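Source file final25.txt; content: compact mmCIF, C-alpha atoms and all ligand atoms.
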# COMPACT_ATOMS: atom_id res chain seq x y z
CA MET A 1 191.15 181.91 19.31
CA LYS A 2 191.99 182.26 15.62
CA LEU A 3 192.54 180.05 12.59
CA ASN A 4 196.10 178.76 12.67
CA GLY A 5 197.51 175.91 10.58
CA THR A 6 196.34 173.93 7.57
CA TYR A 7 192.68 173.01 7.07
CA SER A 8 190.81 171.06 4.42
CA ILE A 9 188.19 173.35 2.83
CA ASP A 10 185.29 171.68 4.67
CA LYS A 11 187.10 171.92 8.01
CA PHE A 12 187.93 175.58 7.30
CA LEU A 13 184.28 176.34 6.45
CA ASP A 14 183.10 174.57 9.56
CA GLU A 15 185.40 176.70 11.72
CA ALA A 16 184.65 179.95 9.87
CA LEU A 17 180.89 179.45 10.04
CA TYR A 18 180.21 177.38 13.15
CA ASN A 19 183.13 177.69 15.60
CA LYS A 20 181.43 178.33 18.95
CA LYS A 21 183.71 181.31 19.71
CA PHE A 22 184.55 183.05 16.46
CA GLY A 23 182.31 181.35 13.83
CA TYR A 24 180.02 183.52 11.73
CA TYR A 25 176.76 181.93 12.92
CA SER A 26 177.88 182.19 16.56
CA GLN A 27 178.58 185.87 16.65
CA SER A 28 177.19 187.82 13.69
CA LYS A 29 173.75 189.05 12.74
CA PRO A 30 173.39 187.34 9.36
CA PHE A 31 169.82 188.05 8.24
CA GLY A 32 167.91 190.96 6.79
CA LYS A 33 168.57 194.56 5.84
CA ASP A 34 170.93 195.19 8.77
CA GLY A 35 172.65 191.83 8.35
CA ASP A 36 174.68 190.33 5.51
CA PHE A 37 172.09 188.59 3.34
CA THR A 38 168.35 188.14 2.87
CA THR A 39 166.49 184.89 2.28
CA ALA A 40 163.06 184.29 0.72
CA PRO A 41 161.07 184.13 4.00
CA LEU A 42 162.42 187.60 4.83
CA ILE A 43 161.58 189.07 1.43
CA THR A 44 157.84 188.44 1.81
CA PRO A 45 155.64 186.33 4.12
CA MET A 46 153.92 185.16 0.94
CA PHE A 47 156.83 182.76 0.36
CA SER A 48 156.32 181.00 3.70
CA GLU A 49 152.53 181.06 3.30
CA MET A 50 152.75 179.31 -0.06
CA ILE A 51 155.13 176.68 1.35
CA SER A 52 152.74 176.23 4.29
CA ILE A 53 149.89 175.50 1.88
CA TRP A 54 152.13 173.01 0.03
CA ILE A 55 152.87 171.26 3.36
CA ILE A 56 149.17 171.07 4.25
CA SER A 57 148.46 169.61 0.79
CA PHE A 58 151.13 166.98 1.45
CA TRP A 59 149.42 166.08 4.73
CA ILE A 60 146.10 165.73 2.90
CA LYS A 61 147.80 163.55 0.26
CA VAL A 62 149.10 161.14 2.91
CA GLY A 63 145.57 160.75 4.31
CA LYS A 64 145.34 163.48 6.97
CA PRO A 65 147.12 161.36 9.63
CA LYS A 66 146.39 162.19 13.27
CA LYS A 67 150.13 162.37 13.96
CA PHE A 68 152.39 164.16 11.54
CA SER A 69 156.01 165.28 12.05
CA PHE A 70 157.47 168.28 10.28
CA VAL A 71 161.17 169.12 10.51
CA GLU A 72 162.62 172.44 9.44
CA LEU A 73 166.31 172.11 8.61
CA GLY A 74 168.36 175.22 9.48
CA PRO A 75 165.57 177.63 10.47
CA GLY A 76 167.85 180.71 10.52
CA ASN A 77 166.14 183.51 12.39
CA GLY A 78 162.90 181.51 12.58
CA VAL A 79 160.77 183.65 10.28
CA PHE A 80 159.56 180.78 8.09
CA CYS A 81 158.46 178.76 11.14
CA LYS A 82 156.72 181.75 12.70
CA THR A 83 154.73 182.43 9.52
CA PHE A 84 153.98 178.71 9.20
CA CYS A 85 152.58 178.65 12.78
CA ASN A 86 150.43 181.71 12.02
CA THR A 87 149.07 180.12 8.84
CA LEU A 88 148.19 176.93 10.75
CA LYS A 89 145.68 178.86 12.83
CA ASN A 90 143.39 178.71 9.78
CA PHE A 91 143.70 174.91 9.54
CA PRO A 92 142.70 173.54 12.98
CA ALA A 93 142.64 169.82 12.06
CA PHE A 94 146.14 170.03 10.65
CA LYS A 95 147.35 172.13 13.56
CA LYS A 96 146.12 169.43 15.95
CA SER A 97 148.01 166.70 14.09
CA ILE A 98 151.35 168.38 13.49
CA LYS A 99 154.45 168.43 15.63
CA ILE A 100 157.09 170.85 14.42
CA TYR A 101 160.76 170.07 15.01
CA LEU A 102 163.57 172.55 14.42
CA LEU A 103 167.08 171.28 13.70
CA GLU A 104 169.56 174.11 14.19
CA LYS A 105 173.33 173.94 14.60
CA SER A 106 174.02 177.45 15.85
CA GLU A 107 173.32 178.09 19.56
CA LYS A 108 172.98 181.80 18.87
CA LEU A 109 170.34 181.24 16.19
CA LYS A 110 168.51 178.77 18.44
CA LYS A 111 168.12 181.59 20.94
CA THR A 112 166.86 183.97 18.24
CA GLN A 113 164.34 181.32 17.17
CA ARG A 114 163.20 180.66 20.76
CA ASP A 115 162.64 184.39 21.29
CA LEU A 116 160.38 184.53 18.23
CA ILE A 117 158.54 181.20 18.34
CA LYS A 118 156.48 180.50 21.46
CA GLU A 119 154.04 177.96 20.02
CA LYS A 120 153.66 174.82 22.13
CA ASN A 121 153.88 172.33 19.27
CA VAL A 122 157.42 173.46 18.31
CA THR A 123 160.42 171.54 19.68
CA TRP A 124 164.14 172.10 19.09
CA ILE A 125 165.97 168.83 18.52
CA LYS A 126 169.63 167.83 18.65
CA ASN A 127 169.22 164.83 16.37
CA LEU A 128 166.61 162.93 14.42
CA ASN A 129 166.43 160.04 16.94
CA GLN A 130 164.18 162.29 19.01
CA ILE A 131 161.40 161.96 16.41
CA LYS A 132 159.30 158.83 16.75
CA ASN A 133 156.11 159.46 14.76
CA GLY A 134 155.48 159.48 11.04
CA PRO A 135 154.63 160.36 8.40
CA ILE A 136 157.44 162.89 8.39
CA LEU A 137 158.20 165.82 6.13
CA PHE A 138 161.54 167.64 6.03
CA PHE A 139 161.91 171.16 4.66
CA GLY A 140 165.02 173.26 4.18
CA ASN A 141 165.36 176.66 2.57
CA GLU A 142 168.99 177.61 1.91
CA PHE A 143 170.10 174.76 4.19
CA PHE A 144 172.49 172.87 1.95
CA ASP A 145 174.35 175.95 0.72
CA SER A 146 175.51 176.62 4.28
CA ILE A 147 176.91 173.13 4.93
CA PRO A 148 180.69 172.83 4.43
CA ILE A 149 181.91 171.19 1.20
CA LYS A 150 185.20 169.59 0.19
CA GLN A 151 187.11 170.91 -2.80
CA PHE A 152 189.44 169.04 -5.14
CA GLU A 153 191.50 170.11 -8.11
CA VAL A 154 192.06 167.89 -11.12
CA LYS A 155 195.36 168.50 -12.90
CA LYS A 156 196.49 166.29 -15.77
CA SER A 157 193.93 163.70 -14.64
CA LYS A 158 195.35 163.57 -11.11
CA ILE A 159 193.08 164.53 -8.23
CA TYR A 160 194.30 166.67 -5.36
CA GLU A 161 192.35 167.83 -2.32
CA LYS A 162 192.49 171.56 -1.67
CA PHE A 163 193.66 172.81 1.73
CA ILE A 164 193.98 176.33 3.09
CA GLU A 165 196.71 177.62 5.38
CA PHE A 166 196.31 180.35 8.00
CA LYS A 167 198.81 181.93 10.37
CA LYS A 168 197.41 183.66 13.45
CA GLY A 169 194.09 184.25 11.71
CA LYS A 170 195.61 185.51 8.42
CA PHE A 171 195.29 183.67 5.10
CA LYS A 172 198.68 182.39 3.87
CA LYS A 173 198.15 180.06 0.91
CA PHE A 174 196.27 177.18 -0.68
CA ILE A 175 197.87 173.75 -0.64
CA LEU A 176 197.06 170.73 -2.82
CA LYS A 177 197.48 167.21 -1.41
CA LYS A 178 197.07 163.92 -3.22
CA THR A 179 193.67 162.33 -2.67
CA SER A 180 193.16 158.83 -1.24
CA LYS A 181 191.86 156.05 -3.52
CA LYS A 182 188.81 155.73 -1.30
CA MET A 183 187.93 159.39 -1.86
CA VAL A 184 188.48 159.15 -5.64
CA LYS A 185 186.08 156.20 -5.66
CA LYS A 186 183.44 158.31 -3.88
CA LEU A 187 183.88 161.12 -6.43
CA ASN A 188 183.69 158.63 -9.30
CA ASN A 189 180.40 157.29 -7.93
CA PHE A 190 178.92 160.66 -8.86
CA ASN A 191 180.85 161.02 -12.15
CA LEU A 192 182.60 164.05 -10.74
CA CYS A 193 186.15 163.44 -11.99
CA LEU A 194 186.11 163.92 -15.73
CA LYS A 195 188.34 166.78 -16.81
CA ASP A 196 190.69 169.31 -15.27
CA GLY A 197 189.12 171.88 -12.97
CA ILE A 198 187.59 172.15 -9.51
CA ILE A 199 185.42 169.42 -8.02
CA GLU A 200 183.12 170.24 -5.14
CA TYR A 201 181.86 167.42 -2.96
CA PRO A 202 179.31 167.93 -0.15
CA GLN A 203 180.51 165.14 2.14
CA ASP A 204 178.93 166.61 5.31
CA GLY A 205 175.67 167.41 3.49
CA LEU A 206 175.39 163.85 2.18
CA LYS A 207 175.97 162.45 5.68
CA ILE A 208 173.05 164.51 6.99
CA LEU A 209 170.93 163.59 3.97
CA ASP A 210 171.65 159.92 4.59
CA LEU A 211 170.23 160.18 8.13
CA ILE A 212 167.19 162.01 6.77
CA ILE A 213 166.61 159.34 4.11
CA LYS A 214 166.76 156.58 6.75
CA LYS A 215 164.14 158.44 8.77
CA ILE A 216 161.90 158.94 5.73
CA LYS A 217 162.10 155.25 4.85
CA LYS A 218 161.34 154.20 8.41
CA LEU A 219 158.46 156.58 9.11
CA ASN A 220 157.21 157.21 5.55
CA GLY A 221 157.43 160.75 4.23
CA GLY A 222 159.51 163.13 2.13
CA ILE A 223 161.93 166.01 1.87
CA LEU A 224 161.51 169.37 0.12
CA LEU A 225 164.65 171.44 -0.44
CA ILE A 226 164.98 174.92 -1.92
CA ASP A 227 168.41 176.32 -2.51
CA TYR A 228 170.54 178.15 -5.02
CA GLY A 229 172.36 175.79 -7.22
CA TYR A 230 172.92 174.24 -10.62
CA LEU A 231 171.92 171.22 -12.65
CA LYS A 232 174.86 170.95 -15.05
CA LYS A 233 178.19 170.05 -13.52
CA GLN A 234 180.37 173.09 -12.83
CA LYS A 235 184.15 172.93 -13.00
CA ILE A 236 184.56 176.04 -10.95
CA ASP A 237 184.97 177.13 -7.37
CA THR A 238 181.45 178.16 -6.28
CA LEU A 239 182.35 179.39 -2.80
CA GLN A 240 181.05 182.88 -2.25
CA SER A 241 180.96 185.25 0.66
CA LEU A 242 178.78 188.20 1.60
CA LYS A 243 179.36 190.90 4.18
CA GLU A 244 176.72 193.60 4.61
CA HIS A 245 175.16 192.56 1.28
CA LYS A 246 178.49 193.11 -0.55
CA LYS A 247 180.88 190.55 -2.01
CA ASN A 248 183.73 189.51 0.27
CA VAL A 249 186.79 187.33 -0.40
CA TYR A 250 185.84 184.20 1.53
CA TYR A 251 189.11 183.76 3.39
CA LYS A 252 188.98 187.33 4.71
CA ASN A 253 186.83 188.74 7.54
CA ILE A 254 186.52 185.27 9.07
CA GLY A 255 183.52 185.11 11.40
CA LYS A 256 182.19 188.44 10.12
CA ALA A 257 181.05 187.35 6.67
CA ASP A 258 178.81 184.55 5.45
CA ILE A 259 180.26 181.86 3.17
CA THR A 260 178.12 179.59 0.98
CA SER A 261 178.52 177.34 -2.04
CA LEU A 262 176.20 176.58 -4.93
CA VAL A 263 174.33 173.32 -4.47
CA ASN A 264 174.91 170.59 -7.06
CA PHE A 265 171.30 169.50 -7.55
CA GLN A 266 172.17 166.73 -9.98
CA LEU A 267 174.33 165.16 -7.31
CA LEU A 268 171.53 165.43 -4.72
CA TYR A 269 169.15 163.84 -7.23
CA LYS A 270 171.56 160.96 -7.88
CA PHE A 271 172.13 160.40 -4.18
CA LEU A 272 168.41 160.39 -3.34
CA SER A 273 167.52 158.08 -6.22
CA LYS A 274 170.38 155.67 -5.43
CA LYS A 275 168.80 155.38 -1.99
CA LYS A 276 165.55 154.42 -3.70
CA LEU A 277 163.46 157.47 -2.95
CA ILE A 278 160.90 158.62 -5.52
CA LEU A 279 161.77 161.96 -7.11
CA ASN A 280 160.00 164.61 -9.12
CA GLU A 281 161.96 166.43 -11.77
CA ILE A 282 163.89 169.37 -10.33
CA VAL A 283 162.26 172.73 -11.08
CA ASN A 284 163.25 176.31 -10.37
CA GLN A 285 161.73 178.50 -7.66
CA SER A 286 159.74 180.61 -10.11
CA PHE A 287 158.09 177.53 -11.68
CA PHE A 288 157.34 175.99 -8.29
CA LEU A 289 155.83 179.10 -6.69
CA LYS A 290 153.75 179.92 -9.77
CA LYS A 291 152.42 176.35 -9.94
CA ILE A 292 151.28 176.51 -6.34
CA GLY A 293 149.47 179.78 -6.98
CA VAL A 294 151.67 182.63 -5.77
CA ILE A 295 150.42 185.02 -8.48
CA GLU A 296 146.79 184.35 -7.58
CA ARG A 297 147.63 184.83 -3.90
CA ALA A 298 149.26 188.19 -4.66
CA GLU A 299 146.19 189.27 -6.63
CA ILE A 300 143.90 188.44 -3.72
CA LEU A 301 146.13 190.19 -1.18
CA SER A 302 146.60 193.28 -3.35
CA LYS A 303 142.85 193.92 -3.77
CA LYS A 304 142.64 195.56 -0.36
CA MET A 305 145.99 197.36 -0.58
CA SER A 306 146.94 200.98 -1.22
CA PHE A 307 148.99 201.73 -4.32
CA LYS A 308 152.17 201.96 -2.24
CA GLU A 309 151.55 198.62 -0.51
CA LYS A 310 150.69 197.01 -3.83
CA SER A 311 153.92 198.19 -5.47
CA ASP A 312 155.90 196.91 -2.51
CA LEU A 313 154.19 193.50 -2.71
CA TYR A 314 154.86 193.13 -6.45
CA TYR A 315 158.45 194.36 -6.07
CA ARG A 316 159.04 191.59 -3.50
CA LEU A 317 157.27 188.99 -5.60
CA GLU A 318 159.47 189.91 -8.54
CA ARG A 319 162.57 189.27 -6.40
CA LEU A 320 161.34 185.73 -5.79
CA LEU A 321 160.29 185.03 -9.36
CA SER A 322 162.47 186.98 -11.74
CA GLU A 323 165.02 185.08 -13.80
CA LYS A 324 167.70 187.65 -12.97
CA LYS A 325 167.04 187.46 -9.23
CA MET A 326 166.00 184.28 -7.38
CA GLY A 327 163.52 182.72 -9.81
CA GLU A 328 165.93 180.77 -11.98
CA LEU A 329 169.02 180.24 -9.81
CA PHE A 330 167.02 178.79 -6.94
CA LYS A 331 166.01 175.19 -7.50
CA VAL A 332 163.43 172.97 -5.80
CA ILE A 333 163.78 169.23 -5.26
CA PHE A 334 161.32 166.83 -3.66
CA ALA A 335 161.89 163.18 -2.80
CA SER A 336 159.61 160.78 -0.97
CA SER A 337 159.31 157.20 0.22
CA LYS A 338 157.89 154.72 -2.25
CA LYS A 339 154.30 154.81 -1.05
CA ILE A 340 153.93 158.54 -1.70
CA LYS A 341 153.55 160.17 -5.08
CA PHE A 342 153.15 163.90 -4.68
CA ASP A 343 153.99 166.32 -7.47
CA LEU A 344 152.24 169.56 -6.51
CA GLY A 345 154.39 172.43 -7.81
CA PHE A 346 156.42 170.24 -10.13
CA LYS A 347 154.03 169.65 -13.05
C1 LIG B 401 171.52 180.33 5.09
S1 LIG B 401 170.74 179.97 6.59
C2 LIG B 401 169.08 179.75 6.04
C3 LIG B 401 168.10 180.13 7.09
C4 LIG B 401 166.60 179.96 6.80
N1 LIG B 401 166.26 178.64 6.37
C5 LIG B 401 166.08 180.98 5.82
O1 LIG B 401 165.68 180.62 4.72
O2 LIG B 401 166.09 182.18 6.16
C6 LIG B 401 171.32 178.36 6.98
C7 LIG B 401 170.80 177.79 8.27
O3 LIG B 401 171.19 176.43 8.41
C8 LIG B 401 171.78 176.21 9.70
N2 LIG B 401 172.65 175.02 9.60
C9 LIG B 401 173.75 174.85 8.84
N3 LIG B 401 174.27 173.61 8.99
C10 LIG B 401 173.46 172.96 9.85
C11 LIG B 401 173.42 171.63 10.38
N4 LIG B 401 174.36 170.74 10.08
N5 LIG B 401 172.43 171.31 11.23
C12 LIG B 401 171.47 172.20 11.54
N6 LIG B 401 171.44 173.48 11.09
C13 LIG B 401 172.42 173.85 10.24
C14 LIG B 401 172.44 177.54 9.96
O4 LIG B 401 172.84 177.72 11.28
C15 LIG B 401 171.32 178.48 9.52
O5 LIG B 401 170.28 178.54 10.45
Give the structure from the file, written as structure tokens.
Ligand SMILES: C[S@@+](CC[C@H](N)C(=O)[O-])C[C@H]1O[C@@H](n2cnc3c(N)ncnc32)[C@H](O)[C@@H]1O
Amino acid sequence: MKLNGTYSIDKFLDEALYNKKFGYYSQSKPFGKDGDFTTAPLITPMFSEMISIWIISFWIKVGKPKKFSFVELGPGNGVFCKTFCNTLKNFPAFKKSIKIYLLEKSEKLKKTQRDLIKEKNVTWIKNLNQIKNGPILFFGNEFFDSIPIKQFEVKKSKIYEKFIEFKKGKFKKFILKKTSKKMVKKLNNFNLCLKDGIIEYPQDGLKILDLIIKKIKKLNGGILLIDYGYLKKQKIDTLQSLKEHKKNVYYKNIGKADITSLVNFQLLYKFLSKKKLILNEIVNQSFFLKKIGVIERAEILSKKMSFKEKSDLYYRLERLLSEKKMGELFKVIFASSKKIKFDLGFK
């Protein structure tokens, strides 16, 4: 089976990434040195440990409830969750209260996660209806950047949706089609259609976020998202593709290369606040990790290390924090239901 015909950009991305036969997440080995890209939990366990401590602090903030649901969105190869479970061993009261739910779209990755995570309090879910107890906390690292987006082009103030044509698996051309009034209204709701250029709209992502928000409002709780993205509106095509850690043209090597887009954090902020969640100001990854004590943690860990181990630790930390690497480009957003005010890492 191959791509054949005309697809909207979101439909194309869905096929290229998640088609059960030829999609990237169904057949490739995305993560790590031998894969196509690396994410923060794979750079150093310190990342996941710090997030774990943040999650425990959240639980304390909401009054150490006896039942607490935690959902990881898009767990990838499961390394964050595994480190989280290991960290929990040092916090028995929290460990007793928490149920961990993993929401994963790719069957192949689900298997990878099941092979790694054997803890009894971890459950894989198909949808959020399976979770009954709150408070609830959602966490996603590089989740939104992997969800298909729609693209539009504005030319002389007219808005066209971008489509992509393939013939027997080979890219042919891009096609622009006039956009419906209903769609233009949606884009206008987020002030996206000002001048000529490319508009990116995360329709699928917002649908998922809407379900999450409903759950948070019903059960009380929040959502923490870390992703690479921007705050000021971009008028450019942010789709990018990586194959074996090198840049790839996104409509080539379908199923063998990852494709992501930059997350529009301002749009997420607007969406979450329109739905009446309480938000902290968006910060970057470097600010967030430093505020929750990553430097101090590294100092403690490095005391017992050899020179070689110490250099490796600080090299990895610098990848997370440096402006030129992940520190600035990666942003952190937290939103919660009205009863909860929690700003650890944001102030
Ligand atoms: C870029 S990976 C990030 C993996 C991991 N969080 C990490 O930091 O290493 C994106 C993950 O989100 C999953 N994903 C994408 N869309 C999804 C959806 N709609 N529902 C559940 N999982 C999804 C992918 O299959 C993959 O596991």
Practice item. Please check which protein, DNA or RNA residues sit within 7 Å of ligand LIG 401 (chain B), counting all atoms listed in the file, and write them as a ChimeraX atom specification. Key: /A:25,39-42,73-77,79-80,103-106,109,140-143,145-147
Exercise for review: Determine, counting all atoms listed in the file, which protein, DNA and RNA residues have an atom within 10 Å of an atom of Met46 of chain A; residues of the same chain fewer than 6 positions away are not included. Present the result as a ChimeraX atom specification.
Suggested key: /A:40,52,83,289,294,297-298,301,313,316-317
Long-range neighbours of Lys172 of chain A as a PDB file with C-alpha atoms, in the coordinates of the input, 12 Å cut-off, all atoms listed in the file, 2 positions minimum in chain:
ATOM      1  CA  LEU A   3     192.540 180.050  12.590  1.00  0.00           C
ATOM      2  CA  ASN A   4     196.100 178.760  12.670  1.00  0.00           C
ATOM      3  CA  GLY A   5     197.510 175.910  10.580  1.00  0.00           C
ATOM      4  CA  THR A   6     196.340 173.930   7.570  1.00  0.00           C
ATOM      5  CA  TYR A   7     192.680 173.010   7.070  1.00  0.00           C
ATOM      6  CA  PHE A 163     193.660 172.810   1.730  1.00  0.00           C
ATOM      7  CA  ILE A 164     193.980 176.330   3.090  1.00  0.00           C
ATOM      8  CA  GLU A 165     196.710 177.620   5.380  1.00  0.00           C
ATOM      9  CA  PHE A 166     196.310 180.350   8.000  1.00  0.00           C
ATOM     10  CA  LYS A 167     198.810 181.930  10.370  1.00  0.00           C
ATOM     11  CA  LYS A 168     197.410 183.660  13.450  1.00  0.00           C
ATOM     12  CA  GLY A 169     194.090 184.250  11.710  1.00  0.00           C
ATOM     13  CA  LYS A 170     195.610 185.510   8.420  1.00  0.00           C
ATOM     14  CA  PHE A 174     196.270 177.180  -0.680  1.00  0.00           C
ATOM     15  CA  ILE A 175     197.870 173.750  -0.640  1.00  0.00           C
ATOM     16  CA  TYR A 251     189.110 183.760   3.390  1.00  0.00           C
ATOM     17  CA  LYS A 252     188.980 187.330   4.710  1.00  0.00           C
TER      18      LYS A 252
END
Would you compute, for all listed atoms of segment 181-185 of chain A, the axis-aligned bounding box grown by 8 Å on each side, and then report its centre and edge lengths in Å rounded to one decimal, as AutoDock Vina command-line options?
--center_x 189.0 --center_y 157.6 --center_z -3.5 --size_x 21.8 --size_y 19.7 --size_z 20.4
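Neighbours of segment 188-193 of chain A closer than or equal to 7 Å, with only C-alpha atoms counted and sequence neighbours fewer than 4 positions away skipped, come out as Val184, Ile199 and Leu267 of chain A.
Between Asp115 of chain A and the candidates A:Lys82, A:Lys132, A:Lys181, A:Lys232, the tightest atom-to-atom separation, counting only C-alpha atoms, involves A:Lys82.
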Practice item. Within 7 Å of Lys256 of chain A, counting all atoms listed in the file, which residues show up once you throw out same-chain ones fewer than 2 positions away? Write them as an MDAnalysis selection string, please. Key: chainID A and resid 24 28 253:254 258
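Picture a line from atom CA of Ile278 of chain A to atom CA of Leu225 of chain A; it runs 14.3 Å.
For the pair atom CA of Pro65 of chain A and atom CA of Ile212 of chain A, the separation is 20.3 Å.
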Would you mind listing, for every residue of segment 53-153 of chain A within 12 Å of segment 324-338 of chain A, the two atoms forming the shortest contact and the distance between them in Å to one decimal, using only C-alpha atoms, sorted by chain and ascending residue number, as a tab-separated table?
residue	atom	partner	partner_atom	distance
A:Trp54	CA	A:Phe334	CA	11.7
A:Ile55	CA	A:Phe334	CA	11.8
A:Phe58	CA	A:Ser336	CA	10.8
A:Val62	CA	A:Ser336	CA	11.2
A:Gly134	CA	A:Ser337	CA	11.7
A:Pro135	CA	A:Ser337	CA	9.9
A:Ile136	CA	A:Ser336	CA	9.8
A:Leu137	CA	A:Ser336	CA	8.8
A:Phe138	CA	A:Phe334	CA	9.7
A:Phe139	CA	A:Phe334	CA	9.4
A:Gly140	CA	A:Val332	CA	10.1
A:Asn141	CA	A:Val332	CA	9.3
A:Glu142	CA	A:Phe330	CA	9.1
A:Phe144	CA	A:Lys331	CA	11.7
A:Asp145	CA	A:Phe330	CA	11.0
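Of the residues under consideration (A:Met305, A:Ile159, A:Ile340, A:Leu17), A:Ile340 shows the shortest atom-to-atom contact distance to Leu219 of chain A when counting all atoms listed in the file.
If you look at atom CA of Phe47 of chain A and atom CA of Cys81 of chain A, they are 11.6 Å away from each other.
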Exercise for review: May I have the residues within 9 Å of Glu153 of chain A as a PyMOL selection string, using only C-alpha atoms and disregarding those fewer than 5 positions away in the same chain?
Suggested key: chain A and resi 158-162+176+196-200
**Study point:** Proximity to Pro202 of chain A - best of A:Ser97, A:Thr260, A:Ser26, A:Thr44, only C-alpha atoms
**Key:** A:Thr260
Review point. A:Glu281, A:Glu244, A:Asp36, A:Asp210: which is nearest Leu231 of chain A, counting all atoms listed in the file?
Key: A:Glu281
